[in-house]
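**Student:** Quick one, final-v4.cif (mmCIF, C-alpha atoms and all ligand atoms):
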```cif
data_structure
loop_
_atom_site.label_atom_id
_atom_site.label_comp_id
_atom_site.auth_asym_id
_atom_site.auth_seq_id
_atom_site.Cartn_x
_atom_site.Cartn_y
_atom_site.Cartn_z
CA MET X 120 11.49 -20.45 9.27
CA LYS X 121 10.97 -20.29 13.01
CA LYS X 122 13.50 -17.75 14.25
CA ILE X 123 12.42 -14.33 13.08
CA ALA X 124 14.06 -10.99 13.74
CA VAL X 125 12.52 -7.58 13.14
CA ILE X 126 14.63 -4.43 12.95
CA GLY X 127 12.76 -1.28 13.97
CA SER X 128 10.07 -1.55 16.64
CA GLY X 129 7.85 1.30 15.39
CA THR X 130 4.34 0.97 13.95
CA MET X 131 5.19 -1.62 11.31
CA GLY X 132 7.95 -3.55 13.09
CA SER X 133 5.76 -4.09 16.16
CA GLY X 134 2.84 -5.27 14.02
CA ILE X 135 5.02 -7.64 11.99
CA ALA X 136 6.53 -9.09 15.19
CA GLN X 137 3.03 -9.74 16.53
CA VAL X 138 2.03 -11.54 13.32
CA ALA X 139 5.13 -13.79 13.42
CA ALA X 140 4.83 -14.58 17.15
CA THR X 141 1.11 -15.33 16.77
CA ALA X 142 1.98 -17.76 13.96
CA GLY X 143 4.25 -19.72 16.33
CA CYS X 144 7.67 -18.23 15.58
CA SER X 145 10.13 -16.93 18.12
CA VAL X 146 10.70 -13.23 17.45
CA LYS X 147 13.47 -10.82 18.37
CA LEU X 148 12.71 -7.13 18.01
CA TYR X 149 15.65 -4.76 17.72
CA ASP X 150 15.64 -0.96 17.74
CA THR X 151 18.35 1.64 18.30
CA ASN X 152 15.89 3.53 20.47
CA GLN X 153 15.30 1.88 23.87
CA GLU X 154 12.07 3.85 24.35
CA ALA X 155 10.72 2.51 21.06
CA LEU X 156 11.33 -1.03 22.35
CA SER X 157 9.54 -0.29 25.64
CA ARG X 158 6.63 1.29 23.77
CA SER X 159 6.41 -1.77 21.51
CA LYS X 160 6.33 -4.13 24.50
CA ALA X 161 3.61 -2.07 26.18
CA ALA X 162 1.62 -1.89 22.93
CA LEU X 163 1.73 -5.69 22.55
CA GLU X 164 0.47 -6.15 26.13
CA ASN X 165 -2.34 -3.69 25.41
CA THR X 166 -3.34 -5.29 22.07
CA LEU X 167 -3.29 -8.83 23.45
CA SER X 168 -5.31 -7.83 26.53
CA LYS X 169 -7.98 -6.38 24.24
CA LEU X 170 -8.04 -9.63 22.24
CA VAL X 171 -8.52 -11.56 25.51
CA GLU X 172 -11.35 -9.20 26.54
CA LYS X 173 -13.05 -9.76 23.18
CA GLY X 174 -12.65 -13.52 23.61
CA LYS X 175 -10.47 -13.83 20.48
CA ILE X 176 -7.58 -15.44 22.40
CA ASP X 177 -7.22 -16.79 25.95
CA GLU X 178 -4.67 -15.90 28.67
CA THR X 179 -2.49 -18.92 27.77
CA GLU X 180 -2.22 -17.75 24.17
CA LYS X 181 -1.50 -14.20 25.31
CA SER X 182 1.39 -15.43 27.51
CA ARG X 183 2.66 -17.67 24.74
CA ILE X 184 2.84 -14.76 22.26
CA GLN X 185 4.52 -12.50 24.83
CA ASN X 186 7.05 -15.17 25.82
CA ALA X 187 7.84 -15.79 22.16
CA THR X 188 8.81 -12.12 21.74
CA SER X 189 12.07 -10.70 23.04
CA TYR X 190 13.43 -7.17 22.84
CA VAL X 191 17.12 -6.78 22.09
CA SER X 192 19.43 -3.80 21.87
CA THR X 193 22.26 -4.92 19.61
CA LEU X 194 22.20 -6.04 16.01
CA LYS X 195 24.48 -8.93 17.00
CA ASP X 196 21.64 -10.44 19.03
CA LEU X 197 19.93 -11.27 15.70
CA SER X 198 22.76 -13.52 14.49
CA ASP X 199 20.87 -16.85 14.82
CA SER X 200 17.80 -15.75 12.79
CA ASP X 201 16.31 -17.61 9.82
CA LEU X 202 14.66 -14.45 8.52
CA VAL X 203 15.29 -10.79 9.36
CA ILE X 204 12.67 -8.20 8.38
CA GLU X 205 13.82 -4.59 8.41
CA ALA X 206 11.19 -1.92 9.22
CA ILE X 207 13.26 1.17 10.06
CA VAL X 208 13.10 4.71 8.74
CA GLU X 209 12.40 5.03 4.98
CA ASN X 210 15.90 6.13 3.97
CA LEU X 211 17.92 4.21 1.38
CA GLU X 212 21.37 5.02 2.72
CA ILE X 213 20.46 4.07 6.30
CA LYS X 214 18.79 0.83 5.15
CA ARG X 215 21.81 -0.10 2.99
CA LYS X 216 24.13 0.47 5.93
CA VAL X 217 22.01 -1.74 8.21
CA PHE X 218 21.84 -4.52 5.59
CA SER X 219 25.58 -4.60 4.92
CA GLU X 220 26.35 -4.70 8.64
CA LEU X 221 23.66 -7.29 9.31
CA GLU X 222 25.07 -9.59 6.64
CA THR X 223 28.37 -9.88 8.51
CA LEU X 224 26.53 -11.13 11.63
CA VAL X 225 24.04 -13.72 10.31
CA SER X 226 24.55 -17.16 8.73
CA ALA X 227 24.82 -17.66 4.97
CA GLN X 228 21.28 -19.09 4.88
CA THR X 229 19.52 -16.19 6.62
CA VAL X 230 17.02 -14.37 4.39
CA LEU X 231 17.14 -10.57 4.65
CA ALA X 232 13.95 -8.66 3.91
CA SER X 233 12.83 -5.05 3.80
CA ASN X 234 9.35 -3.71 4.53
CA THR X 235 10.04 -0.58 2.46
CA SER X 236 7.02 1.04 0.76
CA SER X 237 8.87 2.98 -1.88
CA LEU X 238 12.55 2.12 -2.19
CA SER X 239 13.98 -0.24 -4.79
CA ILE X 240 14.71 -3.71 -3.41
CA ALA X 241 17.52 -4.07 -5.98
CA SER X 242 19.33 -1.08 -4.51
CA ILE X 243 18.99 -2.45 -0.95
CA ALA X 244 20.14 -5.92 -2.12
CA ALA X 245 23.15 -4.38 -3.83
CA SER X 246 24.53 -3.38 -0.43
CA CYS X 247 24.99 -7.10 0.40
CA GLN X 248 27.66 -9.63 -0.55
CA LYS X 249 24.92 -12.21 -1.18
CA PRO X 250 22.16 -10.11 -2.80
CA GLU X 251 20.30 -13.27 -3.87
CA ARG X 252 19.04 -13.66 -0.27
CA VAL X 253 17.46 -10.17 -0.16
CA ILE X 254 13.73 -9.65 -0.84
CA GLY X 255 10.92 -7.16 -0.19
CA ILE X 256 8.15 -8.20 2.23
CA HIS X 257 5.66 -5.33 2.30
CA PHE X 258 3.03 -5.46 5.03
CA PHE X 259 0.09 -3.06 5.31
CA ASN X 260 -0.86 -1.03 8.34
CA PRO X 261 -2.03 -2.37 10.80
CA ALA X 262 -0.03 -5.51 9.99
CA PRO X 263 -1.96 -7.89 12.29
CA LEU X 264 -5.28 -6.89 10.68
CA MET X 265 -4.50 -6.40 7.01
CA GLN X 266 -4.50 -9.69 5.14
CA LEU X 267 -2.27 -8.70 2.23
CA VAL X 268 1.50 -8.93 2.05
CA GLU X 269 3.31 -7.96 -1.14
CA VAL X 270 6.40 -10.10 -1.77
CA ILE X 271 8.91 -8.34 -4.02
CA PRO X 272 11.86 -10.22 -5.49
CA ALA X 273 14.71 -7.98 -6.59
CA VAL X 274 16.40 -8.68 -9.90
CA GLN X 275 19.14 -10.39 -7.81
CA THR X 276 16.82 -12.53 -5.60
CA SER X 277 17.02 -16.33 -6.05
CA ASP X 278 13.87 -18.31 -6.89
CA ALA X 279 14.46 -20.49 -3.82
CA VAL X 280 14.21 -17.41 -1.57
CA VAL X 281 11.00 -16.27 -3.30
CA GLN X 282 9.45 -19.69 -2.75
CA LYS X 283 10.59 -19.93 0.86
CA ILE X 284 9.21 -16.48 1.70
CA THR X 285 5.92 -17.00 -0.13
CA GLN X 286 5.45 -20.22 1.87
CA THR X 287 6.43 -18.59 5.19
CA ILE X 288 4.10 -15.61 4.75
CA SER X 289 1.24 -17.90 3.69
CA ASP X 290 1.91 -19.98 6.84
CA TRP X 291 1.45 -16.73 8.79
CA LYS X 292 -2.11 -16.77 7.34
CA LYS X 293 -1.53 -13.81 5.06
CA VAL X 294 -2.49 -13.47 1.40
CA VAL X 295 0.65 -13.09 -0.71
CA ALA X 296 0.77 -11.02 -3.89
CA VAL X 297 4.07 -11.23 -5.75
CA ALA X 298 5.02 -7.90 -7.30
CA LYS X 299 7.76 -6.67 -9.60
CA ASP X 300 10.34 -4.37 -8.03
CA THR X 301 8.82 -1.18 -9.50
CA PRO X 302 7.64 2.06 -7.84
CA GLY X 303 4.65 1.56 -5.54
CA PHE X 304 4.69 -2.22 -6.14
CA ILE X 305 0.98 -3.10 -6.68
CA VAL X 306 -1.22 -1.28 -4.17
CA ASN X 307 0.56 2.06 -3.99
CA ARG X 308 0.64 2.22 -7.78
CA VAL X 309 -2.83 0.97 -8.68
CA ALA X 310 -4.55 3.05 -5.97
CA ARG X 311 -3.18 6.41 -7.19
CA PRO X 312 -6.22 7.36 -9.36
CA PHE X 313 -8.57 6.92 -6.38
CA TYR X 314 -6.97 10.07 -5.01
CA SER X 315 -5.76 11.84 -8.14
CA GLU X 316 -8.95 11.60 -10.20
CA ALA X 317 -11.06 12.60 -7.21
CA LEU X 318 -8.78 15.59 -6.66
CA ARG X 319 -9.01 16.48 -10.33
CA ILE X 320 -12.83 16.36 -10.29
CA TYR X 321 -12.77 18.61 -7.21
CA GLU X 322 -10.24 21.02 -8.74
CA GLU X 323 -12.39 21.37 -11.86
CA GLY X 324 -15.24 22.46 -9.58
CA PHE X 325 -17.38 19.60 -10.87
CA ALA X 326 -18.34 18.58 -7.32
CA ASP X 327 -17.29 19.32 -3.76
CA PHE X 328 -15.32 16.73 -1.79
CA ALA X 329 -18.23 15.69 0.45
CA THR X 330 -20.25 14.88 -2.70
CA ILE X 331 -17.33 12.99 -4.28
CA ASP X 332 -16.87 10.95 -1.09
CA TRP X 333 -20.60 10.23 -0.93
CA SER X 334 -20.62 9.14 -4.59
CA MET X 335 -17.76 6.67 -4.20
CA LYS X 336 -19.38 5.13 -1.12
CA THR X 337 -22.95 5.09 -2.39
CA ILE X 338 -22.40 3.95 -5.98
CA GLY X 339 -19.04 2.16 -5.61
CA GLY X 340 -19.46 0.63 -2.16
CA PHE X 341 -16.06 1.91 -0.98
CA ARG X 342 -15.78 2.01 2.82
CA MET X 343 -14.32 5.53 2.75
CA GLY X 344 -14.40 8.22 0.11
CA PRO X 345 -11.09 9.50 -1.35
CA PHE X 346 -11.05 12.72 0.69
CA GLU X 347 -11.93 10.97 3.95
CA LEU X 348 -9.22 8.42 3.22
CA MET X 349 -6.57 11.05 2.39
CA ASP X 350 -7.47 12.87 5.63
CA PHE X 351 -7.15 9.54 7.47
CA ILE X 352 -3.78 8.59 5.94
CA GLY X 353 -2.44 12.13 6.43
CA HIS X 354 -1.65 14.49 3.54
CA ASP X 355 2.07 14.55 4.34
CA VAL X 356 2.24 10.75 3.87
CA ASN X 357 -0.24 10.47 0.97
CA TYR X 358 1.24 13.42 -0.94
CA THR X 359 4.79 12.07 -0.50
CA VAL X 360 3.78 8.66 -1.88
CA THR X 361 2.18 10.35 -4.93
CA GLU X 362 5.21 12.55 -5.49
CA THR X 363 7.62 9.60 -5.11
CA VAL X 364 5.62 7.48 -7.57
CA PHE X 365 5.47 10.43 -10.03
CA THR X 366 9.24 11.08 -9.96
CA SER X 367 10.07 7.36 -9.98
CA PHE X 368 8.01 6.94 -13.17
CA TYR X 369 10.10 9.60 -14.88
CA PHE X 370 7.28 12.13 -14.54
CA ASP X 371 4.58 10.16 -16.32
CA PRO X 372 1.63 12.63 -16.27
CA ARG X 373 -0.65 9.81 -15.14
CA TYR X 374 0.81 10.10 -11.63
CA LYS X 375 0.98 13.89 -11.44
CA PRO X 376 0.46 15.16 -7.87
CA SER X 377 -2.15 17.80 -7.07
CA PHE X 378 -1.52 21.39 -5.97
CA THR X 379 -4.61 21.22 -3.80
CA GLN X 380 -3.06 18.48 -1.70
CA LYS X 381 0.35 20.12 -1.70
CA ARG X 382 -1.13 23.35 -0.33
CA LEU X 383 -2.86 21.41 2.45
CA THR X 384 0.46 19.90 3.56
CA GLU X 385 2.14 23.32 3.37
CA ALA X 386 -0.62 24.80 5.53
CA GLY X 387 -0.19 22.00 8.08
CA PHE X 388 -3.73 20.75 7.37
CA LEU X 389 -2.55 17.15 7.49
CA GLY X 390 -5.92 15.50 8.03
CA ARG X 391 -7.44 13.87 11.08
CA LYS X 392 -4.18 13.86 13.02
CA SER X 393 -3.97 17.67 12.92
CA GLY X 394 -7.72 18.24 13.32
CA ARG X 395 -8.10 19.60 9.80
CA GLY X 396 -7.53 18.40 6.26
CA PHE X 397 -10.20 18.60 3.60
CA TYR X 398 -12.64 18.36 6.46
CA ASN X 399 -12.47 20.48 9.60
CA TYR X 400 -12.98 18.00 12.43
CA SER X 401 -13.95 20.65 14.97
CA GLU X 402 -16.89 21.80 12.84
CA GLU X 403 -20.03 20.18 11.56
CA MET X 404 -19.31 18.01 8.50
CA PRO X 405 -20.40 19.47 5.14
CA LYS X 406 -23.44 17.82 3.57
CA PRO X 407 -23.05 16.13 0.19
CA THR X 408 -25.36 16.84 -2.74
CA GLU X 409 -27.25 13.56 -2.82
CA ASP X 410 -27.84 13.47 -6.56
CA LEU X 411 -27.56 9.92 -7.91
CA THR X 412 -27.02 10.98 -11.54
CA LEU X 413 -24.12 13.23 -10.53
CA ALA X 414 -22.79 10.50 -8.21
CA LYS X 415 -22.80 7.96 -11.04
CA THR X 416 -20.81 10.30 -13.31
CA ILE X 417 -18.23 10.86 -10.57
CA PHE X 418 -17.97 7.15 -9.74
CA GLU X 419 -17.58 6.17 -13.41
CA ARG X 420 -14.72 8.60 -13.93
CA VAL X 421 -12.77 7.41 -10.89
CA ILE X 422 -13.44 3.69 -11.37
CA VAL X 423 -12.43 3.68 -15.02
CA MET X 424 -9.14 5.35 -14.12
CA LEU X 425 -8.52 2.74 -11.41
CA ILE X 426 -9.35 -0.07 -13.83
CA ASN X 427 -7.00 1.43 -16.41
CA GLU X 428 -4.18 1.50 -13.86
CA ALA X 429 -4.82 -2.11 -12.80
CA ALA X 430 -4.98 -3.21 -16.45
CA ASP X 431 -1.73 -1.42 -17.22
CA ALA X 432 -0.02 -3.07 -14.23
CA LEU X 433 -1.06 -6.40 -15.75
CA PHE X 434 0.08 -5.31 -19.21
CA LEU X 435 3.53 -4.46 -17.80
CA ASN X 436 3.74 -7.74 -15.84
CA ILE X 437 3.89 -6.04 -12.45
CA ALA X 438 1.83 -8.94 -11.04
CA SER X 439 -0.68 -11.59 -12.10
CA ALA X 440 -4.36 -10.67 -12.58
CA LYS X 441 -5.25 -12.64 -9.44
CA ASP X 442 -2.58 -10.90 -7.36
CA ILE X 443 -3.59 -7.45 -8.66
CA ASP X 444 -7.22 -8.03 -7.66
CA ASN X 445 -6.27 -9.60 -4.31
CA ALA X 446 -3.95 -6.71 -3.57
CA MET X 447 -6.73 -4.15 -3.81
CA THR X 448 -9.39 -6.12 -1.92
CA LYS X 449 -7.07 -7.41 0.83
CA GLY X 450 -4.56 -4.54 1.06
CA VAL X 451 -6.90 -1.54 0.88
CA ASN X 452 -10.33 -3.13 1.33
CA TYR X 453 -11.75 -2.29 -2.10
CA PRO X 454 -15.21 -3.83 -2.43
CA LYS X 455 -14.19 -5.71 -5.61
CA GLY X 456 -11.05 -6.49 -7.53
CA LEU X 457 -10.54 -3.90 -10.27
CA LEU X 458 -10.10 -6.41 -13.10
CA ALA X 459 -13.23 -8.29 -12.00
CA TRP X 460 -14.95 -4.89 -11.92
CA ALA X 461 -13.78 -4.23 -15.49
CA ASP X 462 -15.45 -7.47 -16.61
CA GLU X 463 -18.64 -6.48 -14.84
CA LEU X 464 -18.78 -3.00 -16.37
CA GLY X 465 -17.64 -4.34 -19.74
CA ILE X 466 -14.24 -3.95 -21.37
CA ASN X 467 -15.91 -2.08 -24.22
CA TRP X 468 -17.47 0.38 -21.76
CA CYS X 469 -14.04 0.97 -20.15
CA VAL X 470 -12.37 1.69 -23.49
CA GLU X 471 -15.15 4.03 -24.60
CA LYS X 472 -15.16 5.89 -21.30
CA LEU X 473 -11.37 6.37 -21.35
CA ASP X 474 -11.46 7.53 -24.98
CA GLU X 475 -14.26 9.95 -24.09
CA LEU X 476 -12.08 11.44 -21.33
CA TYR X 477 -9.04 11.53 -23.61
CA ASN X 478 -11.01 13.25 -26.38
CA GLU X 479 -12.32 15.79 -23.90
CA TYR X 480 -8.98 16.67 -22.27
CA HIS X 481 -6.27 15.53 -24.71
CA GLU X 482 -4.13 14.71 -21.70
CA ASP X 483 -1.89 11.67 -21.50
CA ARG X 484 -3.24 10.72 -18.07
CA TYR X 485 -6.41 9.49 -19.82
CA ARG X 486 -4.63 7.21 -22.31
CA CYS X 487 -6.26 3.80 -22.44
CA SER X 488 -4.00 0.84 -21.61
CA PRO X 489 -3.15 -1.23 -24.71
CA VAL X 490 -4.32 -4.35 -22.89
CA LEU X 491 -7.89 -3.02 -22.61
CA ARG X 492 -7.92 -2.03 -26.27
CA LYS X 493 -6.60 -5.43 -27.35
CA MET X 494 -9.07 -7.31 -25.16
CA ASN X 495 -11.90 -5.22 -26.53
CA ARG X 496 -10.84 -5.99 -30.10
CA GLU X 497 -10.61 -9.69 -29.33
CA ASN X 498 -13.80 -9.73 -27.24
CA LYS X 499 -11.96 -11.09 -24.19
CA VAL X 500 -12.54 -10.72 -20.45
CA PHE X 501 -10.11 -10.90 -17.50
CA GLU X 502 -11.94 -13.78 -15.73
CA VAL X 503 -9.97 -13.32 -12.49
P1 LIG Z 601 8.27 4.16 12.61
O1 LIG Z 601 8.87 5.52 12.58
O2 LIG Z 601 7.00 3.94 13.35
O3 LIG Z 601 9.35 3.11 13.18
C1 LIG Z 601 10.68 3.06 12.75
C2 LIG Z 601 11.53 2.54 13.90
O4 LIG Z 601 12.84 2.26 13.40
C3 LIG Z 601 11.72 3.53 15.06
O5 LIG Z 601 11.36 2.94 16.26
C4 LIG Z 601 13.22 3.88 15.02
O6 LIG Z 601 13.76 4.09 16.31
C5 LIG Z 601 13.80 2.64 14.38
N1 LIG Z 601 15.07 2.86 13.71
C6 LIG Z 601 15.45 3.89 12.92
N2 LIG Z 601 16.68 3.69 12.45
C7 LIG Z 601 17.10 2.50 12.95
C8 LIG Z 601 18.29 1.73 12.80
N3 LIG Z 601 19.30 2.16 12.06
N4 LIG Z 601 18.36 0.54 13.44
C9 LIG Z 601 17.34 0.09 14.19
N5 LIG Z 601 16.20 0.77 14.37
C10 LIG Z 601 16.08 1.96 13.74
O7 LIG Z 601 8.12 3.74 11.06
P2 LIG Z 601 7.05 2.76 10.39
O8 LIG Z 601 5.84 3.54 10.01
O9 LIG Z 601 6.91 1.55 11.23
O10 LIG Z 601 7.79 2.39 9.02
C11 LIG Z 601 8.89 1.52 8.99
C12 LIG Z 601 9.12 1.05 7.55
O11 LIG Z 601 7.95 0.39 7.07
C13 LIG Z 601 9.43 2.16 6.54
O12 LIG Z 601 10.34 1.65 5.60
C14 LIG Z 601 8.08 2.43 5.92
O13 LIG Z 601 8.17 2.98 4.64
C15 LIG Z 601 7.49 1.03 5.87
N6 LIG Z 601 6.03 0.94 5.85
C16 LIG Z 601 5.25 1.79 6.59
C17 LIG Z 601 3.86 1.66 6.56
C18 LIG Z 601 2.98 2.55 7.40
O14 LIG Z 601 1.78 2.63 7.12
N7 LIG Z 601 3.51 3.22 8.41
C19 LIG Z 601 3.19 0.66 5.71
C20 LIG Z 601 4.11 -0.24 5.04
C21 LIG Z 601 5.47 -0.06 5.08
#
```
How would this structure read if it were set down as structure tokens?
Ligand code: NAI

**Tutor:**
Amino acid sequence: MKKIAVIGSGTMGSGIAQVAATAGCSVKLYDTNQEALSRSKAALENTLSKLVEKGKIDETEKSRIQNATSYVSTLKDLSDSDLVIEAIVENLEIKRKVFSELETLVSAQTVLASNTSSLSIASIAASCQKPERVIGIHFFNPAPLMQLVEVIPAVQTSDAVVQKITQTISDWKKVVAVAKDTPGFIVNRVARPFYSEALRIYEEGFADFATIDWSMKTIGGFRMGPFELMDFIGHDVNYTVTETVFTSFYFDPRYKPSFTQKRLTEAGFLGRKSGRGFYNYSEEMPKPTEDLTLAKTIFERVIVMLINEAADALFLNIASAKDIDNAMTKGVNYPKGLLAWADELGINWCVEKLDELYNEYHEDRYRCSPVLRKMNRENKVFEV
């Protein structure tokens, strides 16, 4: 697949275009907004110049990537593409409209993909006459730097298209994780407890957020603590993902959003981008309580909830064990895969810890995944 088109030249579309052009494809970027196209072109020049300065690429390679990228202002210009990746606004009706129009312009062999984070691929595919050529290709931000790409076949997608896309994305030097078309795919589902359990610990008054962040970094080796990360992502975005996952799972209490985070978004304390979230970036940062015993208790509670979520994703065949672990290390930079972590801590320890939490709270969010219980009974390990 050499002729690639990207619809939407915002944050994700521009990054995806750069990845494809770098890999040797010719890329057409289309946006309804002319300014967005100009911004994307300027951003590519800026990014590539920095790579030249750092010695990562030379001037010839920079020119090659720029010459391989063109900026077009009609959908019709994309008609000769092998693969079209849509990265426009996250709105199902708008995406469906673009897909059904696009299909009338391209050849019968063109694969149509969406970079959606939260919408069902089946519902996007259903807007097409040939839904078997529609697939989800979910990049992470920033696309040129993050190694992971989730590939999501819809119930309508043909096996040939899944194979072709898996090969193409691997050729672009990305790590592919194939995920079932379910809310949050892999990463946005499995990562929920990192935020929700940390928020819960904070809401209970067990520890302040600086201490929780310190614990996850010191004991767990995470690059950022949950509160730093939520502030970085932005509470509007992070809260919306949690709320979408919660409603999409028919209100499973395991994904229940937090009032603390909701109030922050209502107050306009959106995180780093607004100067204040959990932390106030114009003031001195609060000091954590550097108590290793407390830190270990906090870490254990969050990690066991993450492991439970990863195990349950495996139990429900959302992805393979290898893809679940790759997704978390390559998509969100976790220091270890969660299933490998479960083996290290011991399946028996995980089950006991979850049962301890369940017995304490009697809340469904702490229910242990059947797969962990079964493995514990049978003395098995994940061996990812
Ligand atoms: P963005 O707002 O930066 O860019 C969207 C672009 O699409 C804009 O330039 C807009 O002018 C253009 N656009 C809107 N409607 C259009 C249409 N009908 N035809 C052509 N162009 C149109 O958005 P962003 O953040 O790049 O997200 C794009 C998609 O990628 C969304 O579906 C989002 O959920 C998904 N995504 C976002 C991630 C992120 O971290 N920002 C990560 C992974 C996926």

**Student:** What is the atom CA of Thr276 of chain X-atom CA of Gly303 of chain X distance in Å, reported with one decimal?

**Tutor:**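 These atoms are spaced 18.6 Å apart.
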
**Student:** Which residues of chain X come within 6 Å of ligand LIG 601 (chain Z), and for each one, what is the closest pair of atoms and their distance in Å to one decimal, counting all atoms listed in the file, sorted by chain and residue number, as CSV?

**Tutor:**
```
residue,atom,partner,partner_atom,distance
X:Ile126,CA,Z:LIG601,C9,5.4
X:Gly127,CA,Z:LIG601,O4,3.6
X:Ser128,CA,Z:LIG601,O5,4.7
X:Gly129,CA,Z:LIG601,O3,3.2
X:Thr130,CA,Z:LIG601,O9,3.8
X:Met131,CA,Z:LIG601,O9,3.6
X:Gly132,CA,Z:LIG601,O9,5.5
X:Asp150,CA,Z:LIG601,N5,3.8
X:Thr151,CA,Z:LIG601,C9,4.5
X:Asn152,CA,Z:LIG601,O6,4.7
X:Ala155,CA,Z:LIG601,O5,4.9
X:Ala206,CA,Z:LIG601,C12,4.0
X:Ile207,CA,Z:LIG601,O4,3.5
X:Val208,CA,Z:LIG601,C6,4.9
X:Glu209,CA,Z:LIG601,O12,4.0
X:Asn234,CA,Z:LIG601,O11,5.0
X:Thr235,CA,Z:LIG601,O12,3.9
X:Ser236,CA,Z:LIG601,O13,4.5
X:His257,CA,Z:LIG601,C21,6.0
X:Phe258,CA,Z:LIG601,C20,5.3
X:Phe259,CA,Z:LIG601,C19,4.9
X:Asn260,CA,Z:LIG601,O14,4.7
```

**Student:** Print the selection's residues with C-alpha atoms to a file, as an mmCIF file, keeping the file's coordinate frame.

**Tutor:**
```cif
data_model
loop_
_atom_site.group_PDB
_atom_site.id
_atom_site.type_symbol
_atom_site.label_atom_id
_atom_site.label_comp_id
_atom_site.auth_asym_id
_atom_site.auth_seq_id
_atom_site.Cartn_x
_atom_site.Cartn_y
_atom_site.Cartn_z
ATOM 1 C CA ILE X 126 14.630 -4.430 12.950
ATOM 2 C CA GLY X 127 12.760 -1.280 13.970
ATOM 3 C CA SER X 128 10.070 -1.550 16.640
ATOM 4 C CA GLY X 129 7.850 1.300 15.390
ATOM 5 C CA THR X 130 4.340 0.970 13.950
ATOM 6 C CA MET X 131 5.190 -1.620 11.310
ATOM 7 C CA GLY X 132 7.950 -3.550 13.090
ATOM 8 C CA ASP X 150 15.640 -0.960 17.740
ATOM 9 C CA THR X 151 18.350 1.640 18.300
ATOM 10 C CA ASN X 152 15.890 3.530 20.470
ATOM 11 C CA ALA X 155 10.720 2.510 21.060
ATOM 12 C CA ALA X 206 11.190 -1.920 9.220
ATOM 13 C CA ILE X 207 13.260 1.170 10.060
ATOM 14 C CA VAL X 208 13.100 4.710 8.740
ATOM 15 C CA GLU X 209 12.400 5.030 4.980
ATOM 16 C CA ASN X 234 9.350 -3.710 4.530
ATOM 17 C CA THR X 235 10.040 -0.580 2.460
ATOM 18 C CA SER X 236 7.020 1.040 0.760
ATOM 19 C CA HIS X 257 5.660 -5.330 2.300
ATOM 20 C CA PHE X 258 3.030 -5.460 5.030
ATOM 21 C CA PHE X 259 0.090 -3.060 5.310
ATOM 22 C CA ASN X 260 -0.860 -1.030 8.340
#
```

**Student:** Can you pull out the residues contacting Ala279 of chain X? Cut-off 12 Å, using only C-alpha atoms, and skip same-chain residues under 2 positions away; I want them as a list in words.

**Tutor:**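 Neighbouring residues, sequence-local ones excluded: Gln228, Val230, Glu251, Arg252, Val253, Ile254, Pro272, Gln275, Thr276, Ser277, Val281, Gln282, Lys283, Ile284, Thr285 and Gln286 of chain X.
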
**Student:** Name the closest residue to Glu269 of chain X among the candidates X:Thr363, X:Ser233, X:Thr330, X:Ser393; distances are taken between atoms, counting only C-alpha atoms.

**Tutor:**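 Nearest candidate to Glu269 of chain X out of X:Thr363, X:Ser233, X:Thr330, X:Ser393: X:Ser233.
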
**Student:** Could you check which of X:Leu238, X:Val125, X:Ala139, X:Ile213 is closest to Ser367 of chain X, using only C-alpha atoms?

**Tutor:** X:Leu238

**Student:** As an exercise, work out the distance from atom CA of Phe397 of chain X to atom CA of Pro372 of chain X in Å and give it to one decimal place.

**Tutor:** 23.9 Å

**Student:** Neighbouring residues of Glu316 of chain X were defined as those with any atom within 9 Å, considering all atoms listed in the file; residues of the same chain fewer than 6 positions away were excluded. Please report them as a PyMOL selection string.

**Tutor:** chain X and resi 420-421+424-425

**Student:** Complete the atoms of segment 140-145 of chain X to N, CA, C and O atoms and put them out as a PDB file, keeping the file's coordinate frame.

**Tutor:**
```
ATOM      1  N   ALA X 140       4.935 -13.889  15.858  1.00  0.00           N
ATOM      2  CA  ALA X 140       4.830 -14.580  17.150  1.00  0.00           C
ATOM      3  C   ALA X 140       3.494 -15.324  17.251  1.00  0.00           C
ATOM      4  O   ALA X 140       3.425 -16.458  17.741  1.00  0.00           O
ATOM      5  N   THR X 141       2.423 -14.696  16.748  1.00  0.00           N
ATOM      6  CA  THR X 141       1.110 -15.330  16.770  1.00  0.00           C
ATOM      7  C   THR X 141       1.134 -16.618  15.941  1.00  0.00           C
ATOM      8  O   THR X 141       0.495 -17.609  16.287  1.00  0.00           O
ATOM      9  N   ALA X 142       1.905 -16.590  14.847  1.00  0.00           N
ATOM     10  CA  ALA X 142       1.980 -17.760  13.960  1.00  0.00           C
ATOM     11  C   ALA X 142       2.876 -18.869  14.517  1.00  0.00           C
ATOM     12  O   ALA X 142       3.068 -19.894  13.867  1.00  0.00           O
ATOM     13  N   GLY X 143       3.464 -18.650  15.701  1.00  0.00           N
ATOM     14  CA  GLY X 143       4.250 -19.720  16.330  1.00  0.00           C
ATOM     15  C   GLY X 143       5.757 -19.572  16.196  1.00  0.00           C
ATOM     16  O   GLY X 143       6.497 -20.495  16.536  1.00  0.00           O
ATOM     17  N   CYS X 144       6.215 -18.436  15.700  1.00  0.00           N
ATOM     18  CA  CYS X 144       7.670 -18.230  15.580  1.00  0.00           C
ATOM     19  C   CYS X 144       8.202 -17.583  16.855  1.00  0.00           C
ATOM     20  O   CYS X 144       7.453 -16.973  17.616  1.00  0.00           O
ATOM     21  N   SER X 145       9.517 -17.712  17.048  1.00  0.00           N
ATOM     22  CA  SER X 145      10.130 -16.930  18.120  1.00  0.00           C
ATOM     23  C   SER X 145      10.662 -15.661  17.452  1.00  0.00           C
ATOM     24  O   SER X 145      11.210 -15.710  16.341  1.00  0.00           O
TER      25      SER X 145
END
```
